[in-house]
Structures are given as structure tokens and as C-alpha cells.
Amino acid sequence: MFFRYGNWKNFDFILLAVTLVIFAIGLSFLFSASYQQYDAEEGLTLHSLVVKQIIRFALAFFIAIIILKVDYQKWLELAYPLYLLNVILLAMVLLLGQTRLGAQRWISLGFIGFQPSEFSKLIVIFTLARYLGQKENALGNNLFWRKGLKYSKTLVVSFLIVGAPFILIVKQPDLGTALTLIPILLAMLYVWGTSIKTLLLVSLPCVVASPFLWHMLKPYQKRRVLVFLDPNIDPLGAGYTVIQSKIAIGSGGLLGKGWLAGTQNQLNFLPERHTDFIFSVVGEEWGFLGAALLLTLYMVLILKGFSIAQRTLNTSGRLLACGIVVLFAFQVVVNIAMTIGLVPVVGLPLPLISYGGSSLFLNIASIAFLLNVGMKRAVF
Amino acid sequence: MRIGLLKRIFIVLILMLFASLAYNQLIKGPDYLQLSQNNRIKLIRLDAPRGLIYDRNGELVAGLRLVFNVALFPQEVEDIQKALQAISPLVGLSKESLMAQYKNNFSAPFIPVVIAQDVPKETAIILECQESNIPGLVIQTQSLRDYIYGETLSHVLGYLGKITEEELKKFKVYGLWDKNLLGRSGVEQVYDSLLRGQVGGMQVEVNNRGHRVRMLGVRYPQSGEDLYLTIDIHLQKLVDELLSGKKGVCIVMDPQNGEILSMVSKPSFDPNQFILALNGNPGARRIIAKLLNSQDAALINRAISATYPPGSIFKIVVAACGLETGEIDSRSTVHCSGSIRVGKRDLHCWKLDGHGDEDIYSALGHSCNVFFYRLALELGPDKLSMFAHKFGLGSLTAIDLPFESDGLVPSKSWKIKTKKEKWYDGETANFAIGQGYLLTTPLQMARLISAVANGGYLIQPHVVRRAGARVTKNTSLTMAFKDFTWRTIREGMRMVVQDEEGTGHRAYIPGCQWAAKTGTAQTFQGMAHGWFGGFYPYDQPRIAILVFLEHGGSGGDAPASIAKEVIQYLRKNKEL
């Protein structure tokens with residue numbers, strides 16, 4: 001009934017099941033992370049945290065069904081207006097957004113607040129998928145100048161599509177989210193057919209500009225990068241989170257300290273443990289086996305996503321699926337790498353698990369679109 | 001295909017995460033586990049109450065005093081300024097000084113911080129009632145050492161001091177920490193390891209702010225062992241009064257087993273002041289500073305740490321040497337004309353017109369110098385030196401008190417070695433009357449008197465009878481002299497007191513027989529040092545007494561009087 005338009009046979013049940021399992025595991029660790037209510041002043045209670053997340057999931061699930069009911073090609077048609085709306089919202093955040101945790105990322109809609117930057121990720125993917133899908137495929141054209149002005153114009157527009165929200169998000173400042181847009185852009189251009197040579201050539205100015213970018217960073221961002229290089233320069237300040245996160249994960253050992261029994265987590269040594277650092281709780285309480293299980297589930301989800309993209313012949317659909325998978329995989333990899341201290345601390349949540357409404361809606365919606373693309377492929 | 005490359009890139013990235021997780025959790029896991037334990041488990045020390053000290057009759061001489069301290073429990077303090085504002089008028093200290101104390105003593109949020117020590121009981125009760133109004137306020141009790149008799153027993157008991165950096169390193173294995181006090185002198189020092197007991201501790205789990213979450217385990221402290229002294233505190237008090245205002249020593253001991261019944265060294269000090277000073281009492285600090293800078297050296301136990309020439313008491317050694325080597329017997333006499341020529345100099349007897357014919361008894365009784373000059377010159381310095389050593393001079397008595405000196409017994413070879421000079425006969429004569437190079441501690445002389453009294457046993461003096469379950473053993477060395485030697489010396493010493501011509505006749509007590517030897521040692525400046533060493537009663541002696549007064553004049557005067565009073569007291573009160 002719901003899936004009237006597409007092919008029921010092509011619906012990827014495994015992908016859906018893995019998504020639900022990851023979310024369920026996530027809930028149990030959200031429960032654990034908020035089990036001890038030390039943060040009295042932050043008002044985080046067991047009740048509000050887990051229950052809120054479940055309510056959000058139910059809402060997101062409903063949205064997912066709506067997404068699945070309509071052909072993704074129709075959704076793609078909404079890309080440009082949504083893009084415009086999003087850029088306007090991002091600008092509004094800068095002008096009148098709420099400041100939380102030292103950055104203006106939130107916009108208040110009466111009773112709920114949400115982060116437009118979170119949705120920028122998906123909207124940029126949609127816009128690029130629609131834009132590039134309409135252009136002539138660039139496959140086989142290694143040097144763009146042979147194709148002339150038309151081809152280079154496509155590249156420039158793609159960069160502009162990403163550039164506008166990128167700058168607005170960096171300004172908030174939310175470096176993590178902004179940086180997510182770069183692999184999405186590069187991956188989608190690559191899949192569209194741009195050669196690696198061209199991509200490198202185009203990226204070159206950015207690499208050259210990076211020392212100047214360093215000066216544009218906020219002091220706390222600079223500190224994070226420096227602390228990443230050596231967390232011990234500031235063990236009680238910026239390095240604290242990374243050090244405590246590494247201790248939490250490492251001390252989990254093979255089997256972990258047991259659910260609700262992680263001392264780093266339960267005794268509040270781990271900051272941000274219900275949001276960006278929730279993977280540390282998994283690593284501490286379930287040990288290597290639990291962390292590896294979760295990582296395996298993510299890998300299954302990502303591989304399933306890529307195979308949907310590979311089997312989709314429509315360029316826009318293919319680009320859409322690719323963008324979504326890259327977005328999802330990038331967040332997973334960077335978030336986990338951050339908790340083990342492999343990359344600097346950037347504010348990226350762990351998809352489907354970290355507490356937070358915008359992120360959850362985004363990820364459920366992304367997966368719904370992915371399933372949507374997957375269902376549609378046999379039509380062609 | 002192009003998507004295949006993307007796929008492979010992410011597979012590689014995820015595999016790298018797997019590898020990193022395996023490295024951190026499996027290989028480095030134990031290290032991180034240790035770090036997480038260090039994070040959460042903290043130790044709070046619980047001090048053990050120090051052992052009590054009793055005198056020989058079971059009277060408490062060093063106890064514990066319960067004091068009330070005002071403390072703040074940092075993890076429960078809501079508003080430090082408000083709390084201090086409320087406490088300040090009650091304890092009579094300014095808010096600023098309380099804040100300074102708080103900052104100074106703060107160690108961790110889960111350990112209460114003492115901000116005012118030793119407040120009166122009434123204040124403590126008032127504050128206790130306020131505990132619910134002032135969050136974080138805690139009234140703590142603490143037991144402090146209390147020396148009940150103050151100055152009277154200070155040199156035997158010693159005092160307590162803060163642990164030093166080196167000691168902290170040494171004692172860390174016993175769980176001591178920088179707030180612990182250690183015995184600094186007296187039995188407090190020697191028996192410190194028994195008295196201080198075993199420190200306990202509480203393992204608590206703390207959260208990221210260091211707040212106590214729950215207790216994991218507790219080991220209760222074990223209070224220290226009690227000490228039972230050989231000292232009789234009432235006798236000690238009497239002796240202390242007799243010596244008040246003087247500089248000197250009085251030792252009363254049991255010559256049979258070495259138990260010290262009383263040991264007074266003057267000037268003395270009040271060990272309570274050290275405790276008060278450590279608690280920041282300014283008055284006590286001034287007193288301690290004065291003690292440390294004074295010329296009187298009140299902190300020194302003169303009975304064991306200071307050495308003096310023993311004067312004529314040493315004639316006992318010369319007499320024993322003469323009798324044992326057969327140089328003289330009971331019939332040998334020497335004519336004392338008041339002086340004797342040694343080398344190119346005339347050496348005088350203290351009685352310038354001479355004692356006439358003296359045998360060993362009267363020579364001891366009258367302390368005739370000429371007799372002993374003659375005898376010593378016959379014997380030679382090395383024999384004297386050997387016998388001095390037999391009497392335990394020049395070596396430690398091994399009493400259970402710290403900082404004992406061993407004194408000095410000269411000999412020919414000693415002089416060549418240290419002074420690069422040969423020995424002169426005049427020095428032998430000086431040696432015979434306990435002057436010159438010879439140096440002894442009052443305790444060595446008290447033991448010497450005891451040896452005469454008990455018939456030749458060099459006993460080990462001690463001030464602790466029982467420490468916890470450990471009873472002090474009485475140990476002694478036999479000197480293996482002839483019985484006759486001892487009888488002769490004792491008879492000579494009896495004459496000192498009993499004979500009207502005796503140098504110590506001032507100590508004569510009608511209706512009782514006892515014996516002594518006086519000594520008067522010339523000093524380079526000021527009055528001579530006065531010595532008086534005796535035993536009581538004459539038959540089967542049970543008391544040996546030694547009085548020494550620094551620059552106290554003739555031994556037969558003030559020292560003899562003090563000894564007499566002590567013996568009279570003992571006769572009256574102890575049924576001797």
C-alpha cells in the first residue's frame with residue numbers, strides 16, 4: 001500500500017533492519033550515558049533523553065514513510081527551492097540564532113529548536129544530484145577544457161552550490177558540518193565523471209589557501225587542532241575530552257566493563273558522552289567486541305548503500321545515493337576516529353546514535369531516500 | 001567503476017578504525033584500565049590515635065586530648081563566602097584568615113578542609129547546631145597528644161614534630177603522609193613505630209569533579225600501643241621541684257634491674273608547646289623559638305647527652321683498679337701531707353693541711369686526693385683507662401632514649417693519636433680525681449654507682465617497662481671483680497655519708513645507713529660542677545641516686561642536700 005509506486009521486491013529489508021538495530025543499540029547507550037544524573041544544571045534526565053529520542057524516531061519514521069511513498073525524482077524537483085530556503089535559514093541563524101555551546105547553530109521554531117546546518121548536508125546532496133544529473137555526463141573526458149566552457153561552467157556552479165552554505169556554516173562556527181560538504185562534493189563530482197586529475201587541479205587552490213584559512217579559525221578551533229597533534233599540551237582543557245575518551249575506549253578491553261558499568265561514563269569523566277562521544281561509551285562498556293559489532297553494522301549499511309548506488313542507472317539517483325552514503329560514511333568514520341584520537345575533535349555526531357533531533361531526522365531521511373532510490377532502480 | 005573506488009576507500013578507512021580499536025583496546029587496554037582506575041579511586045587517610053604513656057604505677061602521663069576542628073566539605077559547600085561569613089563571628093577569626101586557611105589546606109573536593117583548629121567545646125556545639133544552615137560545614141574531632149605533667153617529664157617523653165621530606169619517603173610504605181607527626185625525642189622517638197599505630201584508609205569512588213560517589217572499602221586505623229614507663233611520676237615531680245631554677249640532673253634508678261625511677265634534666269621544656277605550635281598557636285610558636293635560641297639548651301637531656309668531668313666519683317674506679325690488681329689491700333696506707341710532688345709541680349689535696357695517714361676506706365670517705373694520686377701513679381693511666389671501660393665509661397649505656405653520648409676515657413695511645421703528644425704523669429694524677437680529659441654522662445655515673453651497689457653488675461638502664469605486649473628485659477654484664485673489692489668500696493662510700501668527716505655527711509639521715517661518693521670537678525670558668533652519687537639502703541640497696549649540678553659548687557653541698565631529700569621522701573612514701 002505504502003509502496004504502491006515502486007517495486008516491493010527491490011525494497012532493501014536488510015538495510016532497514018541494520019538501521020533499526022543500530023538505532024536500538026544507540027538507545028541502550030543513550031540510556032547508559034544518561035543513567036547517572038550528575039548534570040543537574042544541564043537538566044539531562046534519563047526520562048527526557050531516551051524518551052525524547054524515541055519520540056523523535058517515531059516522528060522521523062513517519063517522515064520516512066512519506067519520503068518512501070513519493071518517487072525520489074519528484075523529491076529531486078524540490079531541490080532548488082529547498083536549497084534557497086536552507087541558505088536563507090543559515091543566514092538567519094547567523095543573524096538571530098541561539099547560541100549553544102559557544103556557537104550559533106540553532107534556530108528556534110517556537111517549541112522546538114533545530115539546526116539548519118544539519119539539513120544543509122542533505123539539501124546540498126539533492127541540489128548537486130539534480131544539477132549534475134541534468135548535465136551531460138563527463139565520463140571519458142579527462143581534460144575539461146576540451147569540452148570547453150560548458151564543462152568548466154558545470155564545475156564552477158557545483159563549487160558555488162557547496163560554497164554558499166559552506167561559508168555560512170563555517171561562520172556559525174560549525175567546522176565539522178562544513179567540512180562534511182567537501183567529501184560530498186568531491187565524491188559526487190567524481191562519480192559524475194570528473195577525472196581525479198581535474199579534481200586535484202581544482203582542489204589545489206584550497207590547499208594553497210589552507211595557511212590563510214588557519215588564521216580564519218576561531219581560537220578554540222586552533223586549539224583543537226593543536227591539541228589533536230598533542231593532547232597532553234592541555235590535559236585539563238581542550239585535550240581533556242580526547243584523553244578521557246581514549247581512556248574510556250581503551251579501558252574497555254576485549255569484553256568491556258559491562259552495560260551501565262563504565263566508570264569513565266558513569267562517573268562523568270567523559271564529557272559530551274551522549275552526543276559526539278557516545279562511541280566511547282560503547283567502547284568502554286561493551287569492549288572491543290561491542291565496538292567491532294557496531295562498526296560492522298555500520299559497514300554493512302555503508303556497503304549496502306554503495307551497492308544501491310552501483311545498481312542505479314539514473315544519473316541523478318546514482319548521484320543522490322552516492323552523496324547520501326558518502327555523507328553517512330564520512331560521519332561514521334570521522335566521529336569514531338575522533339573518539340580514538342585519530343583526527344581532531346570536530347563537532348560531528350555519530351549517525352543514528354548520538355543524541356540530537358536534527359541529526360536523527362537527517363539520517364533517517366537520508367536512509368529513506370537511499371531506500372527510495374533502491375526501490376526505483378528496476379523501473380529503468 | 002567509479003563507485004567501486006569510493007567503496008574501497010571507505011572499506012580501507014573502516015578497516016583502519018578496526019585496527020585502531022584493536023590496538024587501543026586489546027594491546028593498550030590494561031594501561032588504559034589502570035588510568036581509568038586512577039581516575040575514579042581515591043584514598044582518604046584515617047589517622048591512628050597515638051598510644052598512651054603511663055608511669056610505673058599506671059598513672060597516665062601522656063594522653064590524648066579531644067579537640068574540635070571546624071572544617072568545610074568542599075563538595076557540599078554551596079557558597080564559600082556565605083559559609084565563611086556565618087562561621088567567622090562564631091570562631092572569632094576574620095573571614096580573610098579563614099579563607100586563607102581554606103585555600104592552604106584544600107587537598108581535594110572529597111576531603112573536608114580544616115579552617116579553624118582547636119575551637120572551644122561551646123563554640124563547637126553552637127556550630128554543630130548550625131550544620132544544617134551552613135551547607136558543607138563539618139565539626140571534626142581530632143585527638144591531640146597531651147603531656148599531662150608538662151615540663152616535669154619532658155626529657156623522658158620527648159615531643160612530636162612534623163614529618164620531614166626524607167622521612168616521608170622512608171615511611172611511605174607504612175602509609176604515613178605529610179600530616180603525620182613523629183616522635184622527635186625521648187620515648188616518643190624511640191618507641192615511635194609502636195606508639196603511632198597503623199594508619200587506616202578509606203577507598204572512595206569519585207566522579208569527574210572529585211566528588212565522593214560511594215565508599216569502596218575501608219581499613220580502620222589501628223591505634224598505637226601503650227607504653228608503661230619505669231618512672232614514678234610522683235617522685236619525678238618531687239625531684240623536678242628540688243632542681244627547679246638550677247641547671248643539672250638527678251637520676252634515681254633501681255640498681256638491681258636498671259629501671260629509671262626518675263630522670264630530671266634542668267632546664268627543661270613543655271612538650272605541649274610543640275603540639276600547639278604545629279596547630280598554629282602564635283604564643284606557642286614564640287616559646288619554641290625562644291627555646292631553640294636560648295643558651296640554656298633546655299631541649300638537651302643533660303642526663304644522657306651532655307658529658308662532664310666526673311670529679312672524685314671517679315676515685316671509685318681507681319680504688320677498684322688498685323684492689324683488683326693487688327696494688328693495695330685494706331691495710332695499705334698513704335700519708336697525706338696536703339700535697340704531693342709530681343714531676344716539677346706540687347699537686348694539692350683539697351684539704352690543704354692534709355689528711356694524715358689514710359687507708360682505702362678513709363681515703364674514699366674523705367676523698368683524699370693524695371692517696372689516689374699515689375695509687376694512680378703506681379697503676380699508670382692505661383690500667384685506669386681499662387678499669388674505666390670496665391665500669392662502662394666511654395661507651396653508651398644503651399638506655400632506650402635517643403641522642404645518648406658515650407663520653408671519653410683517655411689513655412696513652414689515645415693521647416698520642418689525637419694530641420700527637422706523650423702522656424705526662426701530671427695527667428695521670430688528674431685522671432685519678434676524675435678531671436682532665438675524662439668525660440662522662442650523668443647516666444654513666446648513675447650506672448657506675450649502681451654497679452657498686454649491686455656487687456658488680458653493669459646493668460642496662462631503661463625508662464620503659466612495657467611497650468604494648470613487649471616487656472623490657474633486664475640485661476646486665478658482670479664485671480667479675482672480687483667480692484672484697486666491692487665490700488671495701490662500699491664501706492668507703494658508707495663513710496662518706498655516715499662519718500662526720502665524710503665529704504657527703506650533709507646527706508646523713510639519722511637512723512639510717514646509706515652510702516655515697518661526692519665529686520667536685522673544676523671548670524675553666526665559673527663554679528665547679530658538683531656530683532653526688534649514692535645508694536640506699538646500705539645493705540641490699542634498692543635505690544641508686546645521682547645528682548649533678550652544672551657549676552653547682554661542691555658535690556658535698558647542694559647535690560648532697562638534694563639527694564638526701566629524695567631519699568627521705570622515698571623512705572617516707574615508698575616504705576624503703
# chains A, B, ... in the order shown; residues from 1 in each chain; ligands from 1

call {"tool": "interface_residues", "arguments": {"of": "chain B", "to": "chain A", "cutoff": "10 Å", "atoms": "only C-alpha atoms", "output": "number ranges by chain"}}
result
B: 1-8, 10-11, 13-37, 39-40, 205-211, 213

call {"tool": "residues_around", "arguments": {"residues": "B:Asp270", "least_positions_apart": "3", "cutoff": "12 Å", "atoms": "only C-alpha atoms", "output": "list in words"}}
result
Asp146, Tyr147, Ile148, Tyr149, Gly150, Glu151, Thr152, Leu153, Ser154, His155, Val156, Leu157, Gly158, Tyr159, Leu160, Lys266, Pro267, Gln273, Phe274, Ile275, Leu276, Ala277, Ala284, Ile287, Ile288, Leu291, Ala298 and Leu299 of chain B

call {"tool": "closest_residue", "arguments": {"among": "B:His505, B:Lys42, B:Arg145, B:Lys172", "to": "B:Ser107", "atoms": "only C-alpha atoms"}}
result
B:Lys42

call {"tool": "atom_distance", "arguments": {"atom1": "atom CA of A:Pro165", "atom2": "atom CA of A:Leu95"}}
result
14.6 Å

call {"tool": "residues_around", "arguments": {"residues": "B:Glu324", "least_positions_apart": "2", "cutoff": "12 Å", "atoms": "only C-alpha atoms", "output": "PyMOL selection string"}}
result
chain B and resi 316-322+326-330+379+383-384+386-387+390+479-486+488-489

call {"tool": "write_last_selection", "arguments": {"atoms": "N, CA and C atoms", "output": "PDB file, in the first residue's frame"}}
result
ATOM      1  N   ILE B 316      86.241   5.898  92.762  1.00  0.00           N
ATOM      2  CA  ILE B 316      85.719   4.536  92.913  1.00  0.00           C
ATOM      3  C   ILE B 316      86.419   3.609  91.921  1.00  0.00           C
ATOM      4  N   VAL B 317      86.575   4.106  90.671  1.00  0.00           N
ATOM      5  CA  VAL B 317      87.223   3.304  89.638  1.00  0.00           C
ATOM      6  C   VAL B 317      88.682   3.061  90.000  1.00  0.00           C
ATOM      7  N   VAL B 318      89.352   4.124  90.478  1.00  0.00           N
ATOM      8  CA  VAL B 318      90.767   3.997  90.842  1.00  0.00           C
ATOM      9  C   VAL B 318      90.928   3.003  91.990  1.00  0.00           C
ATOM     10  N   ALA B 319      90.024   3.106  92.969  1.00  0.00           N
ATOM     11  CA  ALA B 319      90.072   2.193  94.114  1.00  0.00           C
ATOM     12  C   ALA B 319      89.870   0.757  93.644  1.00  0.00           C
ATOM     13  N   ALA B 320      88.889   0.532  92.788  1.00  0.00           N
ATOM     14  CA  ALA B 320      88.604  -0.806  92.289  1.00  0.00           C
ATOM     15  C   ALA B 320      89.812  -1.340  91.532  1.00  0.00           C
ATOM     16  N   CYS B 321      90.441  -0.469  90.756  1.00  0.00           N
ATOM     17  CA  CYS B 321      91.608  -0.870  89.976  1.00  0.00           C
ATOM     18  C   CYS B 321      92.745  -1.288  90.907  1.00  0.00           C
ATOM     19  N   GLY B 322      92.963  -0.466  91.942  1.00  0.00           N
ATOM     20  CA  GLY B 322      94.028  -0.780  92.893  1.00  0.00           C
ATOM     21  C   GLY B 322      93.760  -2.087  93.617  1.00  0.00           C
ATOM     22  N   GLY B 326      95.717  -5.797  92.968  1.00  0.00           N
ATOM     23  CA  GLY B 326      96.544  -6.154  94.115  1.00  0.00           C
ATOM     24  C   GLY B 326      97.543  -5.074  94.481  1.00  0.00           C
ATOM     25  N   GLU B 327      97.413  -3.927  93.887  1.00  0.00           N
ATOM     26  CA  GLU B 327      98.319  -2.822  94.197  1.00  0.00           C
ATOM     27  C   GLU B 327      98.149  -2.374  95.644  1.00  0.00           C
ATOM     28  N   ILE B 328      96.929  -2.437  96.133  1.00  0.00           N
ATOM     29  CA  ILE B 328      96.687  -2.102  97.538  1.00  0.00           C
ATOM     30  C   ILE B 328      95.790  -3.164  98.153  1.00  0.00           C
ATOM     31  N   ASP B 329      95.765  -3.209  99.448  1.00  0.00           N
ATOM     32  CA  ASP B 329      94.754  -4.008 100.145  1.00  0.00           C
ATOM     33  C   ASP B 329      94.161  -3.148 101.234  1.00  0.00           C
ATOM     34  N   SER B 330      93.352  -3.760 102.096  1.00  0.00           N
ATOM     35  CA  SER B 330      92.626  -2.955 103.061  1.00  0.00           C
ATOM     36  C   SER B 330      93.557  -2.316 104.100  1.00  0.00           C
ATOM     37  N   LEU B 379      99.653   2.740  89.361  1.00  0.00           N
ATOM     38  CA  LEU B 379      98.909   1.910  88.396  1.00  0.00           C
ATOM     39  C   LEU B 379      99.196   2.293  86.950  1.00  0.00           C
ATOM     40  N   LYS B 383      95.974   1.279  82.895  1.00  0.00           N
ATOM     41  CA  LYS B 383      95.171   0.427  83.770  1.00  0.00           C
ATOM     42  C   LYS B 383      93.911   1.169  84.206  1.00  0.00           C
ATOM     43  N   LEU B 384      94.091   2.444  84.516  1.00  0.00           N
ATOM     44  CA  LEU B 384      92.932   3.253  84.910  1.00  0.00           C
ATOM     45  C   LEU B 384      91.918   3.283  83.763  1.00  0.00           C
ATOM     46  N   MET B 386      91.590   1.136  81.402  1.00  0.00           N
ATOM     47  CA  MET B 386      90.953  -0.167  81.234  1.00  0.00           C
ATOM     48  C   MET B 386      89.812  -0.341  82.236  1.00  0.00           C
ATOM     49  N   PHE B 387      90.061   0.058  83.487  1.00  0.00           N
ATOM     50  CA  PHE B 387      89.014  -0.111  84.504  1.00  0.00           C
ATOM     51  C   PHE B 387      87.851   0.846  84.286  1.00  0.00           C
ATOM     52  N   LYS B 390      85.775  -0.844  82.044  1.00  0.00           N
ATOM     53  CA  LYS B 390      85.042  -1.928  82.696  1.00  0.00           C
ATOM     54  C   LYS B 390      83.804  -1.406  83.411  1.00  0.00           C
ATOM     55  N   MET B 479      80.933  -7.745  86.009  1.00  0.00           N
ATOM     56  CA  MET B 479      82.282  -7.205  85.913  1.00  0.00           C
ATOM     57  C   MET B 479      83.302  -8.174  86.490  1.00  0.00           C
ATOM     58  N   ALA B 480      82.828  -9.175  87.205  1.00  0.00           N
ATOM     59  CA  ALA B 480      83.688 -10.238  87.744  1.00  0.00           C
ATOM     60  C   ALA B 480      84.852  -9.718  88.600  1.00  0.00           C
ATOM     61  N   PHE B 481      84.529  -8.787  89.494  1.00  0.00           N
ATOM     62  CA  PHE B 481      85.527  -8.342  90.456  1.00  0.00           C
ATOM     63  C   PHE B 481      85.377  -9.193  91.709  1.00  0.00           C
ATOM     64  N   LYS B 482      86.416  -9.123  92.547  1.00  0.00           N
ATOM     65  CA  LYS B 482      86.350  -9.860  93.809  1.00  0.00           C
ATOM     66  C   LYS B 482      85.291  -9.229  94.712  1.00  0.00           C
ATOM     67  N   ASP B 483      84.667 -10.084  95.479  1.00  0.00           N
ATOM     68  CA  ASP B 483      83.664  -9.595  96.428  1.00  0.00           C
ATOM     69  C   ASP B 483      84.281  -8.576  97.371  1.00  0.00           C
ATOM     70  N   PHE B 484      85.501  -8.856  97.744  1.00  0.00           N
ATOM     71  CA  PHE B 484      86.198  -8.000  98.677  1.00  0.00           C
ATOM     72  C   PHE B 484      86.332  -6.569  98.136  1.00  0.00           C
ATOM     73  N   THR B 485      86.586  -6.476  96.843  1.00  0.00           N
ATOM     74  CA  THR B 485      86.726  -5.154  96.219  1.00  0.00           C
ATOM     75  C   THR B 485      85.470  -4.340  96.447  1.00  0.00           C
ATOM     76  N   TRP B 486      84.329  -4.976  96.198  1.00  0.00           N
ATOM     77  CA  TRP B 486      83.058  -4.254  96.324  1.00  0.00           C
ATOM     78  C   TRP B 486      82.778  -3.896  97.773  1.00  0.00           C
ATOM     79  N   THR B 488      84.880  -3.364 100.124  1.00  0.00           N
ATOM     80  CA  THR B 488      85.796  -2.295 100.506  1.00  0.00           C
ATOM     81  C   THR B 488      85.285  -0.936 100.003  1.00  0.00           C
ATOM     82  N   ILE B 489      84.922  -0.910  98.723  1.00  0.00           N
ATOM     83  CA  ILE B 489      84.459   0.370  98.151  1.00  0.00           C
ATOM     84  C   ILE B 489      83.176   0.826  98.840  1.00  0.00           C
TER      85      ILE B 489
END

call {"tool": "residues_around", "arguments": {"residues": "B:Pro255", "least_positions_apart": "4", "cutoff": "8 Å", "atoms": "only C-alpha atoms", "output": "ChimeraX atom specification"}}
result
/B:259,447,449-451,453-454,459,541-544

call {"tool": "write_last_selection", "arguments": {"atoms": "N, CA and C atoms", "output": "PDB file, in the first residue's frame"}}
result
ATOM      1  N   GLU B 259      65.968  -0.066  86.172  1.00  0.00           N
ATOM      2  CA  GLU B 259      64.799   0.773  85.920  1.00  0.00           C
ATOM      3  C   GLU B 259      65.040   2.191  86.420  1.00  0.00           C
ATOM      4  N   ARG B 447      74.993   4.587  86.556  1.00  0.00           N
ATOM      5  CA  ARG B 447      75.160   3.152  86.361  1.00  0.00           C
ATOM      6  C   ARG B 447      76.375   2.645  87.135  1.00  0.00           C
ATOM      7  N   ILE B 449      77.499   3.862  89.964  1.00  0.00           N
ATOM      8  CA  ILE B 449      77.072   3.751  91.364  1.00  0.00           C
ATOM      9  C   ILE B 449      76.240   2.476  91.555  1.00  0.00           C
ATOM     10  N   SER B 450      75.358   2.204  90.578  1.00  0.00           N
ATOM     11  CA  SER B 450      74.528   1.003  90.663  1.00  0.00           C
ATOM     12  C   SER B 450      75.388  -0.254  90.691  1.00  0.00           C
ATOM     13  N   ALA B 451      76.455  -0.257  89.892  1.00  0.00           N
ATOM     14  CA  ALA B 451      77.324  -1.430  89.844  1.00  0.00           C
ATOM     15  C   ALA B 451      77.955  -1.684  91.207  1.00  0.00           C
ATOM     16  N   ALA B 453      76.621  -0.771  94.006  1.00  0.00           N
ATOM     17  CA  ALA B 453      75.540  -1.167  94.905  1.00  0.00           C
ATOM     18  C   ALA B 453      75.141  -2.623  94.697  1.00  0.00           C
ATOM     19  N   ASN B 454      75.113  -3.093  93.424  1.00  0.00           N
ATOM     20  CA  ASN B 454      74.632  -4.458  93.189  1.00  0.00           C
ATOM     21  C   ASN B 454      75.747  -5.489  93.151  1.00  0.00           C
ATOM     22  N   ILE B 459      74.416  -2.839  84.658  1.00  0.00           N
ATOM     23  CA  ILE B 459      73.059  -3.038  84.160  1.00  0.00           C
ATOM     24  C   ILE B 459      72.739  -2.071  83.030  1.00  0.00           C
ATOM     25  N   PRO B 541      70.934  -2.665  98.602  1.00  0.00           N
ATOM     26  CA  PRO B 541      70.491  -1.371  98.067  1.00  0.00           C
ATOM     27  C   PRO B 541      69.348  -1.522  97.062  1.00  0.00           C
ATOM     28  N   ARG B 542      68.388  -0.642  97.155  1.00  0.00           N
ATOM     29  CA  ARG B 542      67.269  -0.658  96.209  1.00  0.00           C
ATOM     30  C   ARG B 542      67.162   0.634  95.415  1.00  0.00           C
ATOM     31  N   ILE B 543      67.939   1.601  95.853  1.00  0.00           N
ATOM     32  CA  ILE B 543      67.909   2.887  95.146  1.00  0.00           C
ATOM     33  C   ILE B 543      69.340   3.326  94.854  1.00  0.00           C
ATOM     34  N   ALA B 544      69.572   3.724  93.621  1.00  0.00           N
ATOM     35  CA  ALA B 544      70.823   4.410  93.301  1.00  0.00           C
ATOM     36  C   ALA B 544      70.426   5.811  92.864  1.00  0.00           C
TER      37      ALA B 544
END

call {"tool": "residues_around", "arguments": {"residues": "A:Ala368", "least_positions_apart": "4", "cutoff": "7 Å", "atoms": "only C-alpha atoms", "output": "number ranges by chain"}}
result
A: 64, 67-68, 364, 372

call {"tool": "select_by_dssp", "arguments": {"residues": "stretch 338-466 of chain B", "states": "alpha helix (DSSP H)", "output": "ChimeraX atom specification"}}
result
/B:360-366,369-379,381-390,412-419,425-432,442-454

call {"tool": "atom_distance", "arguments": {"atom1": "atom CA of B:Ala363", "atom2": "atom CA of B:Val547"}}
result
21.5 Å

call {"tool": "closest_residue", "arguments": {"among": "A:Leu320, A:Val300, A:Leu76, A:Asn86", "to": "A:Ile22", "atoms": "only C-alpha atoms"}}
result
A:Val300

call {"tool": "residues_around", "arguments": {"residues": "stretch 524-538 of chain B", "least_positions_apart": "4", "cutoff": "8 Å", "atoms": "only C-alpha atoms", "output": "ChimeraX atom specification"}}
result
/B:310-311,313,445-446,449-450,453,493-494,504,512-520,542-556,558-560,563,567,576

call {"tool": "residues_around", "arguments": {"residues": "B:Gln130", "least_positions_apart": "4", "cutoff": "12 Å", "atoms": "only C-alpha atoms", "output": "compact mmCIF listing (two decimals) with N, CA and C atoms, in the first residue's frame"}}
result
# COMPACT_ATOMS: atom_id res chain seq x y z
N VAL B 70 36.91 23.06 63.06
CA VAL B 70 35.85 23.47 62.13
C VAL B 70 36.36 23.20 60.72
N ALA B 83 29.30 30.93 53.64
CA ALA B 83 29.62 29.99 54.72
C ALA B 83 30.64 30.62 55.68
N ALA B 86 29.27 33.30 57.89
CA ALA B 86 28.50 32.80 59.02
C ALA B 86 29.39 32.23 60.12
N ILE B 87 30.50 31.61 59.70
CA ILE B 87 31.37 30.94 60.67
C ILE B 87 32.26 31.95 61.39
N LEU B 90 31.54 33.33 64.89
CA LEU B 90 31.42 32.28 65.91
C LEU B 90 32.78 31.80 66.40
N THR B 123 31.85 26.59 71.41
CA THR B 123 31.78 27.04 70.02
C THR B 123 31.43 25.86 69.11
N ALA B 124 32.08 24.73 69.39
CA ALA B 124 31.84 23.54 68.57
C ALA B 124 30.38 23.15 68.61
N ILE B 125 29.79 23.24 69.80
CA ILE B 125 28.38 22.84 69.94
C ILE B 125 27.48 23.81 69.18
N ILE B 126 27.78 25.10 69.31
CA ILE B 126 26.97 26.10 68.60
C ILE B 126 27.05 25.87 67.10
N ILE B 134 24.42 25.87 57.30
CA ILE B 134 25.60 26.20 56.50
C ILE B 134 26.01 24.92 55.76
N PRO B 135 25.64 24.82 54.50
CA PRO B 135 25.96 23.58 53.77
C PRO B 135 27.47 23.38 53.70
N GLY B 136 27.90 22.17 53.96
CA GLY B 136 29.32 21.85 53.88
C GLY B 136 30.06 21.96 55.19
N LEU B 137 29.42 22.58 56.19
CA LEU B 137 30.10 22.74 57.49
C LEU B 137 30.17 21.39 58.21
N VAL B 138 31.35 21.08 58.69
CA VAL B 138 31.54 19.84 59.42
C VAL B 138 32.37 20.16 60.67
N ILE B 139 31.93 19.64 61.81
CA ILE B 139 32.75 19.76 63.02
C ILE B 139 33.47 18.45 63.19

call {"tool": "atom_distance", "arguments": {"atom1": "atom CA of B:Ser94", "atom2": "atom CA of B:Asp118"}}
result
16.0 Å
